[in-house]
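Novice: A single structure is presented below for examination.
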Amino acid sequence: MTNGKADSTQSSGTAGGQAAPATAPLNLEALRDITYGMYVVASRKGNKFNAQIANTVFQITSQPPTIAVSINKKNLTHEFISDGKVFTASSLCEETPLPFIGRFGFKSGRDGNKLEGVNYKIGVTGAPIVIDNATSYVEARVIGQTDVGTHTVFVGEIVAADVLMKKACMTYGYYQTIKRGTTPQTAPTFIQKKVEAKPALARWRCLVCGWIYDPEKGDPDGDIKPGVAFEALPENYRCPICGAPKSQFEKLG
Ligand SMILES: Cc1cc2nc3c(=O)[nH]c(=O)nc-3n(C[C@H](O)[C@H](O)[C@H](O)COP(=O)(O)O)c2cc1C
């Protein structure tokens, strides 16, 4: 500091000379600009396995290589990671079908074995590593955890990692805008979506997971071409994400 002027090399917290406002905006739309990937996070409890979708996997340090993930305390995966102290994260490719994401992201391992019929291998930690639709994986031993109310952030030191195929991996943004996927309330990034009104053919919303059938787009994962009205869908039609039947859809006004 010289002559009463702020030294430009020191941060005063009032860049541009503006004083800090008395009240700050809290526009949570800003959180949409934080980007993520899409992962199947798996763990074990004894010789039992479970896996769930998580978008909150991120790298913390490179020396040693560590990652973290935020897991809801209600999830079976939380119980498994807390017990087994290990987890794996498989990065999903853009072509991953919605029902695959629905199986791990909208259903709990408490209601059935979600890994049945899915290709996985056992890692060095004894935890399962999901191979189907995965571009790569990392495997970690928990070295720390932070209680953040509804969730626990698990920090893991990477003990193994590999690339499985050279394909574009799915970002959370791609899942939401291109795949038109939804997120359950247990996800840390859950935001109640506003629904805009009035296309020519009515849209219908799944009451279970919130996915919207938009006739203008059809349902590529269910082989339904654009232009098919919801009423014209076969009676055995099911929500591509959570598998709910047609009767569990509500018409949007
Ligand atoms: C796109 C998407 C992202 C999700 N991200 C997370 C996450 O980061 N952390 C979390 O705890 N749950 C997340 N979830 C929710 C869990 O996958 C979901 O609650 C799952 O059913 C838990 O299964 P489990 O009880 O077998 O562990 C996400 C779900 C979806 C569809």
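By order in the structure tokens, chains are A, B, ...; within a chain, residues start at 1; ligands start at 1, following the order shown.
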Show me, as a JSON list (two decimals) with N, CA and C atoms, in the first residue's frame, the residues that have an atom within 6 Å of segment 229-243 of chain A when counting only C-alpha atoms, minus same-chain residues fewer than 5 positions from it.

Specialist:
[["chain", "number", "residue", "atom", "x", "y", "z"],
["A", 98, "LEU", "N", -31.14, -44.89, -22.43],
["A", 98, "LEU", "CA", -31.80, -44.36, -21.22],
["A", 98, "LEU", "C", -32.20, -45.46, -20.23],
["A", 99, "PRO", "N", -32.72, -46.60, -20.70],
["A", 99, "PRO", "CA", -33.10, -47.63, -19.71],
["A", 99, "PRO", "C", -31.93, -48.10, -18.85],
["A", 102, "GLY", "N", -31.63, -45.48, -16.32],
["A", 102, "GLY", "CA", -32.79, -45.62, -15.42],
["A", 102, "GLY", "C", -32.60, -46.76, -14.43],
["A", 106, "PHE", "N", -32.62, -44.73, -11.16],
["A", 106, "PHE", "CA", -33.97, -44.53, -10.63],
["A", 106, "PHE", "C", -34.46, -45.73, -9.84],
["A", 215, "PRO", "N", -44.15, -35.81, -28.33],
["A", 215, "PRO", "CA", -44.44, -36.44, -29.62],
["A", 215, "PRO", "C", -43.60, -35.86, -30.76]]

Novice: Residues of segment 8-248 of chain A in strand (DSSP E) according to DSSP, as a PDB file with C-alpha atoms, in the first residue's frame?

Specialist:
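This went into part17.pdb:
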ATOM      1  CA  TYR A  39     -20.837 -42.398 -14.154  1.00  0.00           C
ATOM      2  CA  VAL A  40     -21.874 -45.739 -12.754  1.00  0.00           C
ATOM      3  CA  VAL A  41     -20.450 -45.751  -9.231  1.00  0.00           C
ATOM      4  CA  ALA A  42     -20.193 -49.230  -7.744  1.00  0.00           C
ATOM      5  CA  SER A  43     -19.114 -50.659  -4.410  1.00  0.00           C
ATOM      6  CA  ARG A  44     -19.298 -53.747  -2.256  1.00  0.00           C
ATOM      7  CA  LYS A  45     -20.324 -54.819   1.223  1.00  0.00           C
ATOM      8  CA  LYS A  48     -22.511 -58.187  -2.093  1.00  0.00           C
ATOM      9  CA  PHE A  49     -22.307 -55.662  -4.945  1.00  0.00           C
ATOM     10  CA  ASN A  50     -24.304 -52.583  -5.827  1.00  0.00           C
ATOM     11  CA  ALA A  51     -24.071 -49.678  -8.273  1.00  0.00           C
ATOM     12  CA  GLN A  52     -25.823 -46.380  -8.963  1.00  0.00           C
ATOM     13  CA  ILE A  53     -25.612 -43.438 -11.356  1.00  0.00           C
ATOM     14  CA  ALA A  54     -23.725 -40.377 -10.132  1.00  0.00           C
ATOM     15  CA  PHE A  58     -14.523 -35.332  -9.957  1.00  0.00           C
ATOM     16  CA  GLN A  59     -10.752 -35.413  -9.731  1.00  0.00           C
ATOM     17  CA  ILE A  60      -9.268 -33.768  -6.640  1.00  0.00           C
ATOM     18  CA  THR A  61      -5.489 -34.136  -7.058  1.00  0.00           C
ATOM     19  CA  SER A  62      -3.053 -35.763  -9.463  1.00  0.00           C
ATOM     20  CA  PRO A  65      -4.374 -39.302  -8.064  1.00  0.00           C
ATOM     21  CA  THR A  66      -7.553 -38.841  -6.033  1.00  0.00           C
ATOM     22  CA  ILE A  67     -11.222 -38.469  -6.888  1.00  0.00           C
ATOM     23  CA  ALA A  68     -14.375 -37.680  -4.937  1.00  0.00           C
ATOM     24  CA  VAL A  69     -18.074 -38.421  -5.278  1.00  0.00           C
ATOM     25  CA  SER A  70     -21.128 -37.112  -3.433  1.00  0.00           C
ATOM     26  CA  ILE A  71     -23.541 -39.890  -2.444  1.00  0.00           C
ATOM     27  CA  ASN A  72     -26.997 -39.552  -0.875  1.00  0.00           C
ATOM     28  CA  VAL A  86     -13.858 -48.713  -1.830  1.00  0.00           C
ATOM     29  CA  PHE A  87     -15.673 -47.559  -4.957  1.00  0.00           C
ATOM     30  CA  THR A  88     -15.339 -47.652  -8.724  1.00  0.00           C
ATOM     31  CA  ALA A  89     -16.601 -45.144 -11.280  1.00  0.00           C
ATOM     32  CA  SER A  90     -17.260 -46.136 -14.905  1.00  0.00           C
ATOM     33  CA  SER A  91     -17.601 -43.238 -17.321  1.00  0.00           C
ATOM     34  CA  LEU A  92     -20.583 -43.724 -19.660  1.00  0.00           C
ATOM     35  CA  TYR A 120     -18.812 -56.103 -15.029  1.00  0.00           C
ATOM     36  CA  LYS A 121     -15.450 -57.266 -13.747  1.00  0.00           C
ATOM     37  CA  ILE A 122     -14.037 -57.401 -10.237  1.00  0.00           C
ATOM     38  CA  PRO A 128     -17.364 -54.422  -9.304  1.00  0.00           C
ATOM     39  CA  ILE A 129     -16.413 -52.288 -12.327  1.00  0.00           C
ATOM     40  CA  VAL A 130     -19.266 -51.866 -14.805  1.00  0.00           C
ATOM     41  CA  ALA A 134     -18.258 -47.559 -20.254  1.00  0.00           C
ATOM     42  CA  THR A 135     -15.477 -45.624 -22.002  1.00  0.00           C
ATOM     43  CA  SER A 136     -13.140 -45.904 -18.994  1.00  0.00           C
ATOM     44  CA  TYR A 137     -13.094 -46.568 -15.281  1.00  0.00           C
ATOM     45  CA  VAL A 138     -11.287 -45.656 -12.093  1.00  0.00           C
ATOM     46  CA  GLU A 139     -11.126 -47.661  -8.915  1.00  0.00           C
ATOM     47  CA  ALA A 140     -10.475 -46.047  -5.542  1.00  0.00           C
ATOM     48  CA  ARG A 141      -9.933 -46.735  -1.850  1.00  0.00           C
ATOM     49  CA  VAL A 142     -11.668 -44.273   0.465  1.00  0.00           C
ATOM     50  CA  ILE A 143      -9.132 -42.091   2.294  1.00  0.00           C
ATOM     51  CA  GLY A 144     -11.546 -39.520   3.689  1.00  0.00           C
ATOM     52  CA  GLN A 145     -15.176 -38.498   3.841  1.00  0.00           C
ATOM     53  CA  THR A 146     -17.163 -35.376   4.689  1.00  0.00           C
ATOM     54  CA  ASP A 147     -20.691 -35.325   6.041  1.00  0.00           C
ATOM     55  CA  VAL A 148     -22.675 -32.731   4.102  1.00  0.00           C
ATOM     56  CA  HIS A 151     -25.001 -36.550   1.287  1.00  0.00           C
ATOM     57  CA  THR A 152     -21.505 -37.769   2.109  1.00  0.00           C
ATOM     58  CA  VAL A 153     -18.571 -36.742  -0.043  1.00  0.00           C
ATOM     59  CA  PHE A 154     -16.245 -39.725  -0.304  1.00  0.00           C
ATOM     60  CA  VAL A 155     -12.638 -39.024  -1.281  1.00  0.00           C
ATOM     61  CA  GLY A 156     -10.751 -41.938  -2.777  1.00  0.00           C
ATOM     62  CA  GLU A 157      -7.160 -42.597  -3.770  1.00  0.00           C
ATOM     63  CA  ILE A 158      -7.097 -44.161  -7.232  1.00  0.00           C
ATOM     64  CA  VAL A 159      -5.605 -47.652  -7.177  1.00  0.00           C
ATOM     65  CA  ALA A 160      -6.459 -48.691 -10.742  1.00  0.00           C
ATOM     66  CA  ALA A 161      -7.806 -47.041 -13.892  1.00  0.00           C
ATOM     67  CA  ASP A 162      -8.117 -47.902 -17.575  1.00  0.00           C
ATOM     68  CA  VAL A 163      -9.583 -46.809 -20.884  1.00  0.00           C
ATOM     69  CA  TRP A 204     -47.084 -36.478 -21.236  1.00  0.00           C
ATOM     70  CA  ARG A 205     -44.979 -36.621 -18.082  1.00  0.00           C
ATOM     71  CA  CYS A 206     -43.980 -39.787 -16.221  1.00  0.00           C
ATOM     72  CA  ILE A 212     -41.520 -36.152 -20.611  1.00  0.00           C
ATOM     73  CA  TYR A 213     -42.800 -37.925 -23.722  1.00  0.00           C
TER      74      TYR A 213
END

Novice: Taking the DSSP secondary structure from the backbone, can you list the residues of segment 35-112 of chain A that are helix (DSSP H, G or I), as a VMD selection string?

Specialist: chain A and resid 76 to 84 98 to 105 109 to 111

Novice: I need the chosen residues saved as a compact mmCIF listing (two decimals), in the first residue's frame, with N, CA and C atoms.

Specialist:
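New file result_4.txt:
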# COMPACT_ATOMS: atom_id res chain seq x y z
N LEU A 76 -28.45 -47.22 -1.26
CA LEU A 76 -27.78 -48.45 -0.84
C LEU A 76 -26.27 -48.34 -1.10
N THR A 77 -25.93 -47.65 -2.18
CA THR A 77 -24.51 -47.48 -2.52
C THR A 77 -23.77 -46.76 -1.39
N HIS A 78 -24.47 -45.85 -0.72
CA HIS A 78 -23.86 -45.14 0.42
C HIS A 78 -23.48 -46.14 1.51
N GLU A 79 -24.44 -47.03 1.78
CA GLU A 79 -24.19 -48.06 2.81
C GLU A 79 -22.97 -48.91 2.41
N PHE A 80 -22.91 -49.27 1.11
CA PHE A 80 -21.85 -50.14 0.64
C PHE A 80 -20.48 -49.44 0.68
N ILE A 81 -20.43 -48.17 0.24
CA ILE A 81 -19.12 -47.47 0.24
C ILE A 81 -18.68 -47.24 1.69
N SER A 82 -19.62 -46.92 2.58
CA SER A 82 -19.27 -46.69 3.99
C SER A 82 -18.68 -47.96 4.59
N ASP A 83 -19.24 -49.10 4.20
CA ASP A 83 -18.79 -50.38 4.75
C ASP A 83 -17.51 -50.88 4.08
N GLY A 84 -17.54 -50.91 2.75
CA GLY A 84 -16.43 -51.51 2.00
C GLY A 84 -15.22 -50.60 1.86
N LEU A 98 -31.14 -44.89 -22.43
CA LEU A 98 -31.80 -44.36 -21.22
C LEU A 98 -32.20 -45.46 -20.23
N PRO A 99 -32.72 -46.60 -20.70
CA PRO A 99 -33.10 -47.63 -19.71
C PRO A 99 -31.93 -48.10 -18.85
N PHE A 100 -30.72 -48.05 -19.41
CA PHE A 100 -29.53 -48.44 -18.64
C PHE A 100 -29.30 -47.43 -17.52
N ILE A 101 -29.46 -46.14 -17.86
CA ILE A 101 -29.29 -45.10 -16.85
C ILE A 101 -30.42 -45.18 -15.83
N GLY A 102 -31.63 -45.48 -16.32
CA GLY A 102 -32.79 -45.62 -15.42
C GLY A 102 -32.60 -46.76 -14.43
N ARG A 103 -32.05 -47.86 -14.90
CA ARG A 103 -31.84 -49.03 -14.04
C ARG A 103 -30.97 -48.68 -12.83
N PHE A 104 -29.88 -47.92 -13.09
CA PHE A 104 -28.95 -47.59 -12.01
C PHE A 104 -29.26 -46.27 -11.31
N GLY A 105 -30.07 -45.42 -11.98
CA GLY A 105 -30.29 -44.08 -11.44
C GLY A 105 -31.66 -43.84 -10.86
N GLY A 109 -30.85 -50.76 -5.34
CA GLY A 109 -30.39 -52.13 -5.16
C GLY A 109 -31.14 -52.83 -4.03
N ARG A 110 -31.86 -52.05 -3.22
CA ARG A 110 -32.67 -52.66 -2.15
C ARG A 110 -33.85 -53.44 -2.75
N ASP A 111 -34.25 -53.08 -3.97
CA ASP A 111 -35.41 -53.71 -4.60
C ASP A 111 -35.03 -54.80 -5.59

Novice: Take atom CA of Thr56 of chain A and atom 7 (C, counted along the ligand's line) of ligand 1 and report the distance between them in Å, one decimal.

Specialist: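 Atom-to-atom, atom CA of Thr56 of chain A and atom 7 (C, counted along the ligand's line) of ligand 1 are spaced 5.3 Å apart.
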
Novice: What does the distance from atom CA of Lys217 of chain A to atom CA of Gly173 of chain A come to in Å, to one decimal?

Specialist: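 Taking atom CA of Lys217 of chain A as the start and atom CA of Gly173 of chain A as the end point, the length is 17.9 Å.
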
Novice: So, with only C-alpha atoms as the atoms that count, which of A:Gly112, A:Ala20, A:Gly222, A:Arg32 lies closest to Ile191 of chain A?

Specialist: A:Arg32

Novice: As number ranges by chain, please: the residues near Met38 of chain A (cut-off 6 Å, only C-alpha atoms, same-chain neighbours under 2 positions excluded).

Specialist: A: 55, 92, 170-172

Novice: Work out how far apart atom CA of Cys93 of chain A and atom CA of Pro188 of chain A are and give it in Å to one decimal.

Specialist: 21.4 Å
